[in-house]
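Data from final-v9.txt: compact mmCIF, C-alpha atoms
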# COMPACT_ATOMS: atom_id res chain seq x y z
CA VAL C 1 62.64 38.74 66.29
CA GLU C 2 64.82 41.65 65.16
CA LEU C 3 66.19 42.00 68.68
CA ASP C 4 67.08 38.30 68.81
CA THR C 5 68.76 38.53 65.41
CA GLY C 6 70.81 41.54 66.48
CA ARG C 7 71.77 39.83 69.72
CA ASP C 8 72.90 36.70 67.88
CA ALA C 9 74.99 38.77 65.46
CA MET C 10 76.61 40.76 68.28
CA ALA C 11 77.35 37.54 70.18
CA LEU C 12 78.94 36.01 67.09
CA LEU C 13 81.07 39.14 66.58
CA ALA C 14 82.12 39.21 70.24
CA VAL C 15 83.17 35.55 70.35
CA PHE C 16 84.92 35.81 66.98
CA SER C 17 86.88 38.92 67.99
CA TRP C 18 87.84 37.46 71.37
CA SER C 19 89.00 34.21 69.78
CA VAL C 20 91.14 35.95 67.16
CA GLY C 21 92.65 38.27 69.77
CA THR C 22 93.51 35.31 71.99
CA PHE C 23 95.22 33.51 69.13
CA LEU C 24 97.20 36.62 68.19
CA TYR C 25 98.34 37.04 71.81
CA CYS C 26 99.66 33.48 71.85
CA ALA C 27 101.39 34.04 68.50
CA VAL C 28 103.08 37.23 69.73
CA GLY C 29 104.17 35.37 72.87
CA VAL C 30 105.85 32.73 70.71
CA PHE C 31 107.63 35.41 68.65
CA VAL C 32 108.89 37.16 71.79
CA GLY C 33 110.11 33.84 73.20
CA VAL C 34 111.97 33.04 69.98
CA ARG C 35 113.63 36.47 70.07
CA LEU C 36 114.77 35.94 73.68
CA LEU C 37 116.28 32.56 72.81
CA ALA C 38 117.77 33.39 69.42
CA TYR C 39 119.56 36.65 70.25
CA PRO C 40 121.62 37.85 73.23
CA PHE C 41 119.46 39.54 75.83
CA ARG C 42 121.10 42.28 77.88
CA PRO C 43 119.72 44.15 80.90
CA GLU C 44 119.28 47.30 78.80
CA HIS C 45 116.76 45.43 76.65
CA LEU C 46 114.44 44.61 79.57
CA THR C 47 112.41 47.82 79.43
CA PRO C 48 109.08 48.50 81.24
CA PRO C 49 106.91 47.79 78.14
CA TYR C 50 107.48 44.07 78.81
CA TRP C 51 104.77 44.48 81.47
CA VAL C 52 102.27 44.90 78.64
CA ALA C 53 102.41 41.12 78.22
CA MET C 54 100.74 40.80 81.63
CA GLY C 55 98.25 43.57 80.86
CA ALA C 56 97.17 41.78 77.70
CA THR C 57 96.17 38.71 79.71
CA ALA C 58 94.07 40.94 81.98
CA ILE C 59 92.28 42.49 79.00
CA THR C 60 91.59 39.00 77.69
CA VAL C 61 90.11 38.05 81.06
CA VAL C 62 87.80 41.10 81.12
CA ALA C 63 86.57 40.49 77.58
CA GLY C 64 86.04 36.79 78.22
CA ALA C 65 84.15 37.43 81.46
CA ARG C 66 81.87 39.90 79.71
CA ILE C 67 81.06 37.30 77.06
CA VAL C 68 80.29 34.69 79.73
CA GLU C 69 77.72 36.97 81.37
CA MET C 70 76.04 37.91 78.07
CA ALA C 71 72.42 37.03 77.46
CA ASP C 72 71.65 33.67 75.86
CA ALA C 73 72.60 33.40 72.20
CA PRO C 74 73.58 30.36 70.10
CA MET C 75 77.27 31.31 69.87
CA VAL C 76 77.50 32.28 73.55
CA ASP C 77 75.74 29.10 74.68
CA ALA C 78 78.13 26.98 72.60
CA THR C 79 81.30 28.61 73.96
CA ARG C 80 80.36 29.89 77.42
CA GLY C 81 82.09 27.09 79.32
CA LEU C 82 85.18 27.17 77.11
CA ILE C 83 85.59 30.94 77.40
CA ALA C 84 85.03 30.84 81.18
CA GLY C 85 87.79 28.27 81.54
CA ALA C 86 90.10 30.17 79.21
CA ALA C 87 89.55 33.35 81.22
CA VAL C 88 90.68 31.54 84.38
CA PHE C 89 93.71 30.22 82.47
CA PHE C 90 94.74 33.70 81.32
CA CYS C 91 94.18 35.11 84.81
CA ALA C 92 96.47 32.44 86.27
CA PHE C 93 99.11 33.06 83.62
CA GLY C 94 98.98 36.83 84.20
CA THR C 95 99.36 36.22 87.93
CA TRP C 96 102.43 34.08 87.26
CA LEU C 97 103.92 36.82 85.08
CA ILE C 98 103.86 39.42 87.88
CA PRO C 99 106.56 37.84 90.12
CA SER C 100 108.52 36.90 87.01
CA LEU C 101 108.58 40.54 85.87
CA VAL C 102 109.50 41.72 89.37
CA VAL C 103 112.42 39.29 89.45
CA ALA C 104 113.43 40.49 85.98
CA GLY C 105 113.44 44.06 87.29
CA TYR C 106 115.65 43.00 90.19
CA TRP C 107 118.02 41.34 87.73
CA ARG C 108 118.14 44.53 85.64
CA HIS C 109 118.47 47.21 88.31
CA VAL C 110 120.15 45.43 91.25
CA ARG C 111 122.32 42.71 89.78
CA HIS C 112 123.42 44.69 86.73
CA ARG C 113 123.05 48.17 88.28
CA VAL C 114 121.03 49.73 85.49
CA PRO C 115 119.93 53.11 86.97
CA LEU C 116 116.28 53.26 87.97
CA ARG C 117 115.09 56.72 87.03
CA TYR C 118 111.98 58.20 85.53
CA GLU C 119 111.18 57.51 81.89
CA ALA C 120 107.90 57.75 80.03
CA THR C 121 107.77 53.97 79.50
CA LEU C 122 107.20 53.47 83.24
CA TRP C 123 103.53 54.14 82.52
CA SER C 124 103.60 50.79 80.70
CA ILE C 125 103.76 49.21 84.18
CA VAL C 126 100.94 51.25 85.70
CA PHE C 127 98.25 50.35 83.17
CA PRO C 128 98.79 46.54 83.27
CA LEU C 129 98.65 46.60 87.07
CA GLY C 130 95.32 48.43 87.01
CA MET C 131 93.99 46.19 84.26
CA TYR C 132 94.92 43.10 86.26
CA GLY C 133 92.94 44.41 89.22
CA VAL C 134 89.88 45.09 87.09
CA GLY C 135 90.14 41.74 85.32
CA SER C 136 90.40 39.79 88.58
CA GLU C 137 87.42 41.62 90.09
CA VAL C 138 85.23 41.01 87.03
CA LEU C 139 86.25 37.36 86.78
CA GLY C 140 85.61 36.84 90.49
CA ASP C 141 82.10 38.28 90.14
CA VAL C 142 81.18 36.34 87.00
CA ASP C 143 82.55 32.95 88.10
CA ARG C 144 81.62 33.50 91.78
CA LEU C 145 85.21 33.30 93.03
CA PRO C 146 85.47 35.58 96.09
CA ILE C 147 89.20 35.05 96.50
CA VAL C 148 89.86 36.18 92.92
CA HIS C 149 87.70 39.26 93.48
CA ALA C 150 89.63 40.04 96.69
CA ILE C 151 92.96 39.69 94.88
CA GLY C 152 91.77 42.07 92.17
CA LEU C 153 90.60 44.60 94.74
CA GLY C 154 93.98 44.55 96.47
CA GLU C 155 95.80 44.80 93.16
CA SER C 156 93.79 47.91 92.31
CA TRP C 157 95.29 49.65 95.32
CA VAL C 158 98.75 48.50 94.25
CA ALA C 159 98.09 50.01 90.81
CA LEU C 160 97.00 53.27 92.42
CA GLY C 161 100.22 53.36 94.43
CA ALA C 162 102.27 52.68 91.30
CA TRP C 163 100.45 55.51 89.51
CA ALA C 164 101.15 57.92 92.39
CA ILE C 165 104.83 56.97 92.56
CA THR C 166 105.26 57.38 88.80
CA PHE C 167 103.46 60.71 88.80
CA VAL C 168 105.63 62.01 91.65
CA ALA C 169 108.70 60.77 89.77
CA ILE C 170 107.80 63.11 86.92
CA GLN C 171 107.91 66.10 89.23
CA MET C 172 111.05 64.93 91.05
CA ALA C 173 113.05 64.14 87.93
CA PRO C 174 116.13 66.41 87.91
CA VAL C 175 115.89 66.89 84.15
CA PHE C 176 112.33 66.62 82.88
CA ASP C 177 113.21 67.09 79.23
CA PRO C 178 116.85 66.68 78.10
CA ASP C 179 116.13 68.57 74.88
CA VAL C 180 115.12 71.75 76.71
CA SER C 181 117.72 73.73 78.65
CA PRO C 182 116.81 75.64 81.82
CA ILE C 183 116.71 79.40 81.77
CA GLY C 184 119.89 81.02 83.05
CA ARG C 185 121.73 84.31 82.89
CA ASN C 186 124.00 83.27 80.02
CA GLN C 187 121.66 80.76 78.39
CA PRO C 188 119.12 81.24 75.61
CA PRO C 189 115.43 81.29 76.53
CA SER C 190 113.88 77.87 77.06
CA ASN C 191 110.82 76.65 75.21
CA ASP C 192 109.78 74.47 78.16
CA PRO C 193 106.05 75.06 78.88
CA SER C 194 105.12 76.18 82.37
CA PHE C 195 103.73 73.84 85.02
CA ALA C 196 100.30 75.44 84.62
CA TYR C 197 100.30 74.33 80.98
CA TYR C 198 100.79 70.71 82.03
CA VAL C 199 97.98 71.01 84.57
CA VAL C 200 95.59 72.35 81.91
CA VAL C 201 96.47 69.53 79.49
CA PHE C 202 95.99 66.92 82.21
CA LEU C 203 92.59 68.30 83.26
CA MET C 204 91.44 68.50 79.62
CA GLY C 205 92.26 64.83 79.16
CA LEU C 206 90.19 63.88 82.20
CA ILE C 207 87.27 66.12 81.22
CA PHE C 208 87.15 64.75 77.67
CA SER C 209 87.25 61.13 78.91
CA TRP C 210 84.53 61.62 81.51
CA GLY C 211 82.44 63.94 79.35
CA PHE C 212 82.17 61.50 76.47
CA SER C 213 81.14 58.57 78.65
CA GLY C 214 78.73 60.68 80.69
CA SER C 215 76.97 62.18 77.66
CA VAL C 216 77.00 59.39 75.09
CA LEU C 217 76.07 56.45 77.32
CA PRO C 218 72.67 57.92 78.38
CA MET C 219 71.84 58.77 74.76
CA VAL C 220 72.72 55.27 73.58
CA SER C 221 70.67 53.68 76.36
CA ARG C 222 67.62 55.70 75.29
CA VAL C 223 67.89 54.78 71.60
CA CYS C 224 69.08 51.16 71.69
CA PRO C 225 67.38 48.21 73.37
CA THR C 226 68.65 47.40 76.85
CA GLN C 227 70.21 44.13 75.71
CA LEU C 228 72.34 45.94 73.12
CA SER C 229 73.10 49.23 74.88
CA ALA C 230 76.46 48.13 76.26
CA THR C 231 77.62 46.68 72.95
CA SER C 232 76.43 49.74 71.02
CA PHE C 233 78.23 52.04 73.42
CA ALA C 234 81.42 50.00 73.12
CA VAL C 235 81.31 50.10 69.31
CA LEU C 236 80.57 53.84 69.28
CA PHE C 237 83.27 54.52 71.84
CA SER C 238 85.79 52.55 69.75
CA LEU C 239 84.91 54.53 66.62
CA VAL C 240 85.18 57.90 68.39
CA GLN C 241 88.38 56.88 70.14
CA GLY C 242 89.83 55.74 66.82
CA ALA C 243 88.94 59.06 65.19
CA ILE C 244 90.52 61.00 68.04
CA THR C 245 93.62 58.83 67.86
CA ALA C 246 93.92 59.41 64.12
CA VAL C 247 93.64 63.19 64.51
CA LEU C 248 96.12 63.18 67.39
CA SER C 249 98.57 61.05 65.42
CA LEU C 250 98.45 63.47 62.49
CA SER C 251 99.00 66.47 64.75
CA THR C 252 101.64 64.91 67.02
CA GLY C 253 104.49 66.19 64.88
CA ALA C 254 103.39 69.81 65.05
CA ILE C 255 102.59 69.62 68.77
CA SER C 256 105.90 67.96 69.66
CA GLU C 257 107.81 70.51 67.59
CA ALA C 258 106.10 73.34 69.46
CA MET C 259 106.78 71.72 72.84
CA GLY C 260 110.32 70.71 71.93
CA SER C 261 110.02 67.01 72.78
CA LEU C 262 108.08 64.11 71.32
CA GLN C 263 108.43 62.16 74.58
CA THR C 264 106.87 64.97 76.60
CA THR C 265 104.02 65.32 74.10
CA LEU C 266 103.11 61.63 74.21
CA LEU C 267 103.32 61.59 77.99
CA TRP C 268 101.03 64.54 78.72
CA PHE C 269 98.61 64.09 75.84
CA VAL C 270 98.26 60.28 75.99
CA SER C 271 99.68 58.42 78.99
CA VAL C 272 98.74 60.65 81.93
CA PRO C 273 95.18 61.59 80.82
CA TYR C 274 94.45 57.98 79.86
Would you mind writing the file out in structure tokens?
Amino acid sequence: VELDTGRDAMALLAVFSWSVGTFLYCAVGVFVGVRLLAYPFRPEHLTPPYWVAMGATAITVVAGARIVEMADAPMVDATRGLIAGAAVFFCAFGTWLIPSLVVAGYWRHVRHRVPLRYEATLWSIVFPLGMYGVGSEVLGDVDRLPIVHAIGLGESWVALGAWAITFVAIQMAPVFDPDVSPIGRNQPPSNDPSFAYYVVVFLMGLIFSWGFSGSVLPMVSRVCPTQLSATSFAVLFSLVQGAITAVLSLSTGAISEAMGSLQTTLLWFVSVPY
């Protein structure tokens, strides 16, 4: 009885959170549309973070698909069909956004000749591409749509290629940090960290991400019932991630001051390890 009660409560929380998040996404979309229509929009304004709009649809698809495959509960049974259909709708809309964003990039960089060079916001393109691949694969498995699963699998390779290109662009950028001058005979010493420092930071980010999942998930699965292990892990992961984010936010100022660039700090401590 206690297990059924906990399952019903978790199902209610999951459906409630997904519904509110979906509504907020639609509201933000309306606000962005109003801004595009009410004020002049120049090519310089079309920055890579606009790809996050597509990534948000993919996250909605993943969350909705996970709710659809949940065990029977009153709230899930009442909304399973609706959420399954909405997940397909968001997947289709995210798919439509991809060529639209590509055309927008062509308009920005080719038609208006805005230089295409490395900037930290390019990682805002990599994550939505990967999320779209994951979302399509999960939706294809849950709704038994092989073609959607195949599209997601192919998109995952596209995301990997985008990640590799962006990472190489970091190394090939002629000026990695404009605020830090290179060392020369008649120039003051630079405070630019060595390449080995970046490698250590990158590896630490990977180790912390893998280590937490690898150590906490088995412990949760031993303590919590099987039906609630995934939800318990997700809640615990969110709390720990929120605590880490809060600590990192408080220390970002000191770290960026030591490194000499806030952009470099956010890139190597957040974007690349994530």
Range 153-156 of chain C: which residues within 12 Å, counting only C-alpha atoms, same-chain residues fewer than 4 positions away excluded, as JSON, numbers by chain?
{"C": [58, 95, 98, 126, 127, 128, 129, 130, 131, 132, 133, 134, 135, 136, 137, 138, 139, 140, 141, 146, 147, 148, 149, 160, 161, 162, 163]}
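Proximity of C:Gly55, C:Ala92, C:Ala11, C:Tyr118 to Ala71 in chain C, computed with all atoms listed in the file, is greatest for C:Ala11.
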For CA of Arg35 in chain C and CA of Val20 in chain C, quote the distance in Å rounded to one decimal.
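Those two atoms sit 22.7 Å apart.
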Given all atoms listed in the file as the basis, pick out the residue of C:Ser256, C:Thr166, C:Ser100, C:Ser19 nearest to Thr79 in chain C.
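For Thr79 in chain C, the nearest of the given residues is C:Ser19.
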By how many Å are CA of Ser17 in chain C and CA of Ala159 in chain C apart?
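Spanning CA of Ser17 in chain C to CA of Ala159 in chain C is a straight-line distance of 27.7 Å.
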Near Val114 in chain C, counting all atoms listed in the file, which residues have an atom at most 12 Å away, once you skip same-chain residues fewer than 4 positions from it, shown as a PDB file with C-alpha atoms, in the coordinates of the input?
ATOM      1  CA  ARG C  42     121.100  42.280  77.880  1.00  0.00           C
ATOM      2  CA  PRO C  43     119.720  44.150  80.900  1.00  0.00           C
ATOM      3  CA  GLU C  44     119.280  47.300  78.800  1.00  0.00           C
ATOM      4  CA  HIS C  45     116.760  45.430  76.650  1.00  0.00           C
ATOM      5  CA  LEU C  46     114.440  44.610  79.570  1.00  0.00           C
ATOM      6  CA  THR C  47     112.410  47.820  79.430  1.00  0.00           C
ATOM      7  CA  ALA C 104     113.430  40.490  85.980  1.00  0.00           C
ATOM      8  CA  GLY C 105     113.440  44.060  87.290  1.00  0.00           C
ATOM      9  CA  TYR C 106     115.650  43.000  90.190  1.00  0.00           C
ATOM     10  CA  TRP C 107     118.020  41.340  87.730  1.00  0.00           C
ATOM     11  CA  ARG C 108     118.140  44.530  85.640  1.00  0.00           C
ATOM     12  CA  HIS C 109     118.470  47.210  88.310  1.00  0.00           C
ATOM     13  CA  VAL C 110     120.150  45.430  91.250  1.00  0.00           C
TER      14      VAL C 110
END
One number please: CA of Val68 in chain C to CA of Arg80 in chain C, in Å, one decimal.
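Going from CA of Val68 in chain C over to CA of Arg80 in chain C, I get 5.3 Å.
Between Val61 in chain C and the candidates C:Ala86, C:Gly81, C:Val158, C:Pro115, the tightest atom-to-atom separation, counting all atoms listed in the file, involves C:Ala86.
Every protein or nucleic acid residue with an atom no more than 8 Å from Pro49 in chain C, counting all atoms listed in the file and leaving out same-chain residues fewer than 3 positions away, appears here: C:Val52, C:Thr121, C:Leu122, C:Ser124, C:Ile125.
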